[in-house]
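Notes follow once the structure below has been shown.
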Amino acid sequence: MLTTTTCRVLAPGDLGEALALLESEPVNNAFVTSRVQVAGLDPWRLGGEMWGWYEDGRLRSLCYSGANLVPICATPEAVRAFAERARRTGRRCSSIVGPAEATAPLWRLLEPSWGPARDVRAHQPLMVAEALPPDITPDPLVRRIRKDEMETIMPACVAMFTEEVGVSPMAGDGGLLYQARVAELVGAGRSFARIEDGKVVFKAEIGAATPAACQIQGVWVAPEHRGRGLSVSGMTAVLRYALADVAPVVSLYVNDFNTPARASYRRVGFREVGAFMSVLF
């Protein structure tokens, strides 16, 4: 029997169907789900287009195309369709990121026209935790950052981003978009830090957040304070906030070569459940 397929940009009227698919994998899809739950599918509010892959009239896969290109529940056939659309529209994103199973073939198809990438991180373990570790005391000095502390938290955020991504977030537009994102997280009560003598020594944010799952990002310890165990007690504190105030499942993904961070997260009780992949331009 012939299967009919199509790939198209979703419209606001497709919201219910899109959310049902997104919420079928709450951990993998936390980033995009959190955006769609707030902004819907209008491209202007969403900050990009949502592409849908249909088989016999049923939505099977999605791909968010904005500052990031993110395949979602993408079958091999959908990956090929998304790659073809992305080739036609040209690269507008600064990264491709998502579950490695779909991101790897997507990048293979796009690399001849979009490459070379600045960096490819092919295996980034995806980790989750659903409870606090019984033998670790959360750092009592880790707390929510106040709106009037933006000047205190920003240097640490810039240092983290530059160390992690390899370029400064202050380039291009002078950091306006990045500062706005940091301010958004601070305003939402999802930015946390330990501050000593007016300087951040540990920080982390709860980035994506849905009722089902949330994602910790931007974990950073000031270089001169590394080796003190601050990441373990600090992450336990952030995990406590996340479980109590945000969602029953807390996730993060980490570079596979970052052995100290992976050990720290395991110590806090995070376990590996999959892998992401990032292609950075």
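Residue numbering restarts at 1 for every chain of the structure tokens, chains are lettered A, B, ... in their displayed order, and ligands are numbered from 1 as they appear.
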Report task. From the DSSP assignment of the backbone, select every residue of region 44-155 of chain A that is helix (DSSP H, G or I), and format the answer as a ChimeraX atom specification. Result -> /A:44-46,76-89,100-114,147-155
Quick one: everything within 9 Å of Gly274 (chain A), counting only C-alpha atoms, minus sequence neighbours fewer than 4 positions away in the same chain. Send it as a PyMOL selection string.
-> chain A and resi 28+99-100+124-127
With all heavy atoms retained, write the just-selected residues as a short mmCIF file (atom, residue, chain, number, x, y, z; two decimals), in the first residue's frame.
data_model
loop_
_atom_site.label_atom_id
_atom_site.label_comp_id
_atom_site.auth_asym_id
_atom_site.auth_seq_id
_atom_site.Cartn_x
_atom_site.Cartn_y
_atom_site.Cartn_z
N ASN A 28 13.86 14.32 26.22
CA ASN A 28 14.53 14.66 24.96
C ASN A 28 14.08 15.99 24.41
O ASN A 28 14.87 16.76 23.85
CB ASN A 28 14.28 13.58 23.92
CG ASN A 28 15.21 12.40 24.05
OD1 ASN A 28 16.13 12.40 24.87
ND2 ASN A 28 14.98 11.37 23.25
N PRO A 99 18.86 14.76 19.91
CA PRO A 99 19.25 13.37 20.13
C PRO A 99 20.20 12.91 19.04
O PRO A 99 19.97 13.13 17.85
CB PRO A 99 17.91 12.63 20.08
CG PRO A 99 16.91 13.65 20.53
CD PRO A 99 17.40 14.95 19.96
N ALA A 100 21.29 12.25 19.45
CA ALA A 100 22.33 11.88 18.50
C ALA A 100 21.81 10.97 17.39
O ALA A 100 22.28 11.05 16.25
CB ALA A 100 23.48 11.19 19.25
N GLN A 124 27.17 13.43 23.55
CA GLN A 124 27.00 14.19 24.78
C GLN A 124 25.99 13.44 25.64
O GLN A 124 24.78 13.50 25.37
CB GLN A 124 26.51 15.61 24.47
CG GLN A 124 27.51 16.42 23.64
CD GLN A 124 26.93 17.75 23.21
OE1 GLN A 124 25.94 17.80 22.47
NE2 GLN A 124 27.55 18.84 23.64
N PRO A 125 26.46 12.71 26.65
CA PRO A 125 25.53 11.92 27.46
C PRO A 125 24.38 12.76 28.02
O PRO A 125 24.60 13.85 28.56
CB PRO A 125 26.43 11.39 28.59
CG PRO A 125 27.78 11.31 27.96
CD PRO A 125 27.86 12.50 27.05
N LEU A 126 23.17 12.24 27.88
CA LEU A 126 21.97 12.84 28.45
C LEU A 126 21.72 12.15 29.78
O LEU A 126 21.64 10.93 29.84
CB LEU A 126 20.79 12.66 27.50
CG LEU A 126 19.43 13.15 27.99
CD1 LEU A 126 19.41 14.67 28.15
CD2 LEU A 126 18.32 12.70 27.04
N MET A 127 21.61 12.96 30.85
CA MET A 127 21.50 12.41 32.19
C MET A 127 20.25 12.93 32.88
O MET A 127 19.83 14.07 32.63
CB MET A 127 22.74 12.77 33.01
CG MET A 127 24.06 12.44 32.33
SD MET A 127 25.54 12.88 33.30
CE MET A 127 25.58 11.54 34.49
#
Find the residues of region 107-189 of chain A that sit at most 8 Å from region 227-245 of chain A; for each, write down the nearest two atoms and how far apart they are in Å, to one decimal. Count only C-alpha atoms. Sort by chain, then by number going up, and give it as CSV.
residue,atom,partner,partner_atom,distance
A:Glu130,CA,A:Leu243,CA,7.4
A:Ala131,CA,A:Leu243,CA,7.5
A:Leu132,CA,A:Arg240,CA,6.6
A:Pro133,CA,A:Thr236,CA,7.5
A:Ile136,CA,A:Ser233,CA,6.7
A:Thr137,CA,A:Ser233,CA,6.3
A:Pro138,CA,A:Ala237,CA,4.3
A:Asp139,CA,A:Ser233,CA,4.9
A:Pro140,CA,A:Ala237,CA,7.4
A:Val142,CA,A:Gly234,CA,6.2
Those residues with all heavy atoms, as an mmCIF file, in the first residue's frame please?
data_model
loop_
_atom_site.group_PDB
_atom_site.id
_atom_site.type_symbol
_atom_site.label_atom_id
_atom_site.label_comp_id
_atom_site.auth_asym_id
_atom_site.auth_seq_id
_atom_site.Cartn_x
_atom_site.Cartn_y
_atom_site.Cartn_z
ATOM 1 N N GLU A 130 15.800 12.109 39.526
ATOM 2 C CA GLU A 130 14.417 12.264 39.992
ATOM 3 C C GLU A 130 14.322 12.362 41.507
ATOM 4 O O GLU A 130 13.232 12.423 42.062
ATOM 5 C CB GLU A 130 13.577 11.074 39.492
ATOM 6 C CG GLU A 130 13.453 11.067 37.972
ATOM 7 C CD GLU A 130 13.284 9.660 37.423
ATOM 8 O OE1 GLU A 130 13.903 8.733 37.981
ATOM 9 O OE2 GLU A 130 12.545 9.496 36.440
ATOM 10 N N ALA A 131 15.483 12.375 42.180
ATOM 11 C CA ALA A 131 15.499 12.459 43.637
ATOM 12 C C ALA A 131 16.828 13.044 44.083
ATOM 13 O O ALA A 131 17.831 12.989 43.356
ATOM 14 C CB ALA A 131 15.298 11.082 44.256
ATOM 15 N N LEU A 132 16.839 13.582 45.276
ATOM 16 C CA LEU A 132 18.069 14.114 45.848
ATOM 17 C C LEU A 132 18.962 12.978 46.338
ATOM 18 O O LEU A 132 18.458 11.947 46.816
ATOM 19 C CB LEU A 132 17.751 15.045 47.016
ATOM 20 C CG LEU A 132 17.116 16.387 46.668
ATOM 21 C CD1 LEU A 132 16.707 17.112 47.949
ATOM 22 C CD2 LEU A 132 18.079 17.243 45.864
ATOM 23 N N PRO A 133 20.283 13.141 46.239
ATOM 24 C CA PRO A 133 21.169 12.116 46.796
ATOM 25 C C PRO A 133 21.039 12.095 48.322
ATOM 26 O O PRO A 133 21.036 13.149 48.964
ATOM 27 C CB PRO A 133 22.563 12.584 46.359
ATOM 28 C CG PRO A 133 22.421 14.061 46.180
ATOM 29 C CD PRO A 133 21.027 14.266 45.662
ATOM 30 N N ILE A 136 24.377 13.676 50.440
ATOM 31 C CA ILE A 136 25.013 14.958 50.125
ATOM 32 C C ILE A 136 24.128 16.087 50.637
ATOM 33 O O ILE A 136 22.925 16.128 50.355
ATOM 34 C CB ILE A 136 25.251 15.118 48.609
ATOM 35 C CG1 ILE A 136 26.183 14.018 48.092
ATOM 36 C CG2 ILE A 136 25.857 16.485 48.300
ATOM 37 C CD1 ILE A 136 26.345 13.999 46.593
ATOM 38 N N THR A 137 24.717 17.009 51.352
ATOM 39 C CA THR A 137 23.997 18.169 51.856
ATOM 40 C C THR A 137 24.029 19.271 50.806
ATOM 41 O O THR A 137 25.110 19.659 50.357
ATOM 42 C CB THR A 137 24.629 18.695 53.158
ATOM 43 O OG1 THR A 137 24.594 17.663 54.136
ATOM 44 C CG2 THR A 137 23.884 19.924 53.665
ATOM 45 N N PRO A 138 22.885 19.778 50.380
ATOM 46 C CA PRO A 138 22.882 20.881 49.416
ATOM 47 C C PRO A 138 23.628 22.097 49.973
ATOM 48 O O PRO A 138 23.528 22.406 51.165
ATOM 49 C CB PRO A 138 21.389 21.181 49.233
ATOM 50 C CG PRO A 138 20.691 19.923 49.640
ATOM 51 C CD PRO A 138 21.527 19.330 50.732
ATOM 52 N N ASP A 139 24.388 22.747 49.119
ATOM 53 C CA ASP A 139 25.135 23.929 49.539
ATOM 54 C C ASP A 139 24.150 24.999 50.006
ATOM 55 O O ASP A 139 23.357 25.510 49.203
ATOM 56 C CB ASP A 139 25.972 24.453 48.377
ATOM 57 C CG ASP A 139 26.899 25.593 48.766
ATOM 58 O OD1 ASP A 139 26.655 26.234 49.812
ATOM 59 O OD2 ASP A 139 27.855 25.866 48.021
ATOM 60 N N PRO A 140 24.182 25.392 51.273
ATOM 61 C CA PRO A 140 23.211 26.380 51.766
ATOM 62 C C PRO A 140 23.453 27.786 51.226
ATOM 63 O O PRO A 140 22.570 28.644 51.345
ATOM 64 C CB PRO A 140 23.417 26.333 53.288
ATOM 65 C CG PRO A 140 24.830 25.874 53.465
ATOM 66 C CD PRO A 140 25.086 24.917 52.336
ATOM 67 N N VAL A 142 24.074 28.403 47.988
ATOM 68 C CA VAL A 142 23.547 28.506 46.620
ATOM 69 C C VAL A 142 22.107 28.980 46.707
ATOM 70 O O VAL A 142 21.277 28.375 47.386
ATOM 71 C CB VAL A 142 23.642 27.153 45.884
ATOM 72 C CG1 VAL A 142 22.882 27.212 44.559
ATOM 73 C CG2 VAL A 142 25.101 26.797 45.622
#
### Spatial neighbours of Ala129 (chain A), 9 Å, only C-alpha atoms, chain gap at least 4 places, as a ChimeraX atom specification
/A:239,248-251,268-271
Would you mind exporting the chosen residues as a CSV table (one decimal), in the first residue's frame, restricted to all heavy atoms?
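This went into selection33.csv:
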chain,number,residue,atom,x,y,z
A,239,LEU,N,19.4,21.0,42.1
A,239,LEU,CA,18.5,19.9,41.9
A,239,LEU,C,17.4,20.0,42.9
A,239,LEU,O,16.2,19.7,42.6
A,239,LEU,CB,19.3,18.6,42.1
A,239,LEU,CG,18.5,17.3,42.0
A,239,LEU,CD1,17.8,17.2,40.6
A,239,LEU,CD2,19.4,16.1,42.3
A,248,PRO,N,9.2,17.0,38.0
A,248,PRO,CA,9.6,15.8,38.7
A,248,PRO,C,10.9,15.1,38.1
A,248,PRO,O,11.4,14.2,38.8
A,248,PRO,CB,8.4,14.9,38.6
A,248,PRO,CG,7.8,15.4,37.3
A,248,PRO,CD,8.0,16.8,37.3
A,249,VAL,N,11.3,15.5,37.0
A,249,VAL,CA,12.4,14.9,36.3
A,249,VAL,C,13.4,16.1,35.9
A,249,VAL,O,12.9,17.0,35.3
A,249,VAL,CB,12.1,14.1,35.1
A,249,VAL,CG1,13.3,13.5,34.4
A,249,VAL,CG2,11.1,13.0,35.4
A,250,VAL,N,14.6,15.9,36.3
A,250,VAL,CA,15.6,17.0,36.0
A,250,VAL,C,16.7,16.4,35.1
A,250,VAL,O,17.2,15.3,35.4
A,250,VAL,CB,16.3,17.5,37.3
A,250,VAL,CG1,17.2,18.7,36.9
A,250,VAL,CG2,15.2,18.0,38.2
A,251,SER,N,17.0,17.0,34.0
A,251,SER,CA,18.0,16.5,33.0
A,251,SER,C,19.1,17.5,32.7
A,251,SER,O,19.0,18.7,33.1
A,251,SER,CB,17.2,16.1,31.7
A,251,SER,OG,16.9,17.3,31.0
A,268,VAL,N,25.9,13.2,42.3
A,268,VAL,CA,24.7,13.9,42.7
A,268,VAL,C,23.5,13.0,42.4
A,268,VAL,O,22.4,13.2,43.0
A,268,VAL,CB,24.6,15.2,42.0
A,268,VAL,CG1,23.2,15.9,42.3
A,268,VAL,CG2,25.7,16.1,42.4
A,269,GLY,N,23.7,11.9,41.6
A,269,GLY,CA,22.6,11.0,41.4
A,269,GLY,C,22.0,11.0,40.0
A,269,GLY,O,21.1,10.3,39.7
A,270,PHE,N,22.7,11.8,39.1
A,270,PHE,CA,22.2,11.7,37.7
A,270,PHE,C,22.7,10.4,37.0
A,270,PHE,O,23.8,10.0,37.3
A,270,PHE,CB,22.8,12.9,36.9
A,270,PHE,CG,22.1,14.2,37.2
A,270,PHE,CD1,22.5,15.0,38.3
A,270,PHE,CD2,21.1,14.7,36.4
A,270,PHE,CE1,21.8,16.2,38.5
A,270,PHE,CE2,20.4,15.8,36.6
A,270,PHE,CZ,20.8,16.6,37.7
A,271,ARG,N,21.9,9.9,36.2
A,271,ARG,CA,22.2,8.7,35.4
A,271,ARG,C,22.0,8.9,33.9
A,271,ARG,O,21.2,9.7,33.5
A,271,ARG,CB,21.4,7.5,35.9
A,271,ARG,CG,19.9,7.6,35.5
A,271,ARG,CD,19.1,6.5,36.2
A,271,ARG,NE,17.7,6.5,35.6
A,271,ARG,CZ,16.8,7.3,36.1
A,271,ARG,NH1,17.0,8.2,37.0
A,271,ARG,NH2,15.5,7.2,35.6
Between CA of Ile72 (chain A) and CA of Leu252 (chain A), what distance in Å does the model show, to one decimal?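 So the two atoms, CA of Ile72 (chain A) and CA of Leu252 (chain A), lie 16.9 Å apart.
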Self-check item: Nearest residue to Leu19 (chain A) from the set A:Ala86, A:Thr210, A:Thr259, A:Val79 (distances using only C-alpha atoms)
Solution: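 Residue with the minimum atom-to-atom distance to Leu19 (chain A): A:Thr210.
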Sel. of strand (DSSP E) residues, region 19-115 of chain A, as an MDAnalysis selection string | chainID A and resid 49:55 58:65 68:72 95:99
Save out the residues we just selected, N, CA, C and O atoms, as a short mmCIF file (atom, residue, chain, number, x, y, z; two decimals), in the first residue's frame.
data_model
loop_
_atom_site.label_atom_id
_atom_site.label_comp_id
_atom_site.auth_asym_id
_atom_site.auth_seq_id
_atom_site.Cartn_x
_atom_site.Cartn_y
_atom_site.Cartn_z
N GLU A 49 10.70 28.61 12.76
CA GLU A 49 9.63 27.78 12.20
C GLU A 49 9.65 26.39 12.82
O GLU A 49 10.69 25.89 13.25
N MET A 50 8.48 25.77 12.85
CA MET A 50 8.39 24.36 13.24
C MET A 50 7.98 23.58 11.99
O MET A 50 6.92 23.84 11.41
N TRP A 51 8.85 22.68 11.56
CA TRP A 51 8.54 21.85 10.41
C TRP A 51 7.93 20.54 10.88
O TRP A 51 8.37 19.94 11.87
N GLY A 52 6.92 20.09 10.16
CA GLY A 52 6.26 18.84 10.50
C GLY A 52 6.39 17.83 9.38
O GLY A 52 6.27 18.18 8.20
N TRP A 53 6.63 16.58 9.74
CA TRP A 53 6.71 15.48 8.78
C TRP A 53 5.50 14.59 8.99
O TRP A 53 5.27 14.09 10.09
N TYR A 54 4.70 14.44 7.96
CA TYR A 54 3.46 13.69 8.04
C TYR A 54 3.55 12.41 7.22
O TYR A 54 4.09 12.40 6.10
N GLU A 55 3.00 11.34 7.78
CA GLU A 55 2.82 10.09 7.05
C GLU A 55 1.33 9.73 7.09
O GLU A 55 0.76 9.60 8.18
N ARG A 58 -0.80 11.85 9.33
CA ARG A 58 -0.52 11.91 10.77
C ARG A 58 0.86 12.51 11.01
O ARG A 58 1.83 12.11 10.37
N LEU A 59 0.94 13.44 11.94
CA LEU A 59 2.21 14.07 12.28
C LEU A 59 3.10 13.06 13.00
O LEU A 59 2.76 12.55 14.06
N ARG A 60 4.28 12.79 12.44
CA ARG A 60 5.17 11.78 12.98
C ARG A 60 6.46 12.37 13.56
O ARG A 60 7.03 11.82 14.50
N SER A 61 6.95 13.47 12.96
CA SER A 61 8.23 14.04 13.37
C SER A 61 8.17 15.55 13.25
O SER A 61 7.36 16.10 12.50
N LEU A 62 9.06 16.21 13.99
CA LEU A 62 9.15 17.67 13.97
C LEU A 62 10.60 18.09 13.82
O LEU A 62 11.53 17.33 14.11
N CYS A 63 10.79 19.34 13.41
CA CYS A 63 12.12 19.93 13.40
C CYS A 63 11.96 21.42 13.66
O CYS A 63 11.25 22.11 12.91
N TYR A 64 12.59 21.90 14.73
CA TYR A 64 12.56 23.32 15.04
C TYR A 64 13.70 23.99 14.28
O TYR A 64 14.85 23.57 14.37
N SER A 65 13.38 25.05 13.55
CA SER A 65 14.37 25.77 12.76
C SER A 65 14.39 27.23 13.19
O SER A 65 13.55 28.03 12.77
N ASN A 68 18.70 27.51 16.61
CA ASN A 68 19.19 26.13 16.56
C ASN A 68 18.32 25.35 15.59
O ASN A 68 17.15 25.67 15.40
N LEU A 69 18.89 24.33 14.99
CA LEU A 69 18.12 23.37 14.21
C LEU A 69 18.02 22.12 15.06
O LEU A 69 19.05 21.52 15.42
N VAL A 70 16.77 21.71 15.41
CA VAL A 70 16.58 20.65 16.39
C VAL A 70 15.62 19.59 15.85
O VAL A 70 14.41 19.84 15.74
N PRO A 71 16.11 18.40 15.48
CA PRO A 71 15.20 17.33 15.06
C PRO A 71 14.50 16.73 16.28
O PRO A 71 15.10 16.55 17.33
N ILE A 72 13.21 16.42 16.12
CA ILE A 72 12.39 15.97 17.24
C ILE A 72 11.62 14.72 16.82
O ILE A 72 10.86 14.76 15.85
N SER A 95 23.72 26.44 15.44
CA SER A 95 24.04 25.07 15.83
C SER A 95 22.94 24.12 15.39
O SER A 95 21.80 24.53 15.16
N ILE A 96 23.30 22.85 15.29
CA ILE A 96 22.34 21.76 15.16
C ILE A 96 22.49 20.96 16.44
O ILE A 96 23.61 20.59 16.82
N VAL A 97 21.41 20.71 17.13
CA VAL A 97 21.50 20.00 18.40
C VAL A 97 20.25 19.16 18.61
O VAL A 97 19.14 19.56 18.24
N GLY A 98 20.45 17.98 19.19
CA GLY A 98 19.32 17.10 19.45
C GLY A 98 19.79 15.70 19.74
O GLY A 98 21.01 15.44 19.83
N PRO A 99 18.86 14.76 19.91
CA PRO A 99 19.25 13.37 20.13
C PRO A 99 20.20 12.91 19.04
O PRO A 99 19.97 13.13 17.85
#
note - CA of Phe202 (chain A) and CA of Val38 (chain A) are separated by 29.0 Å
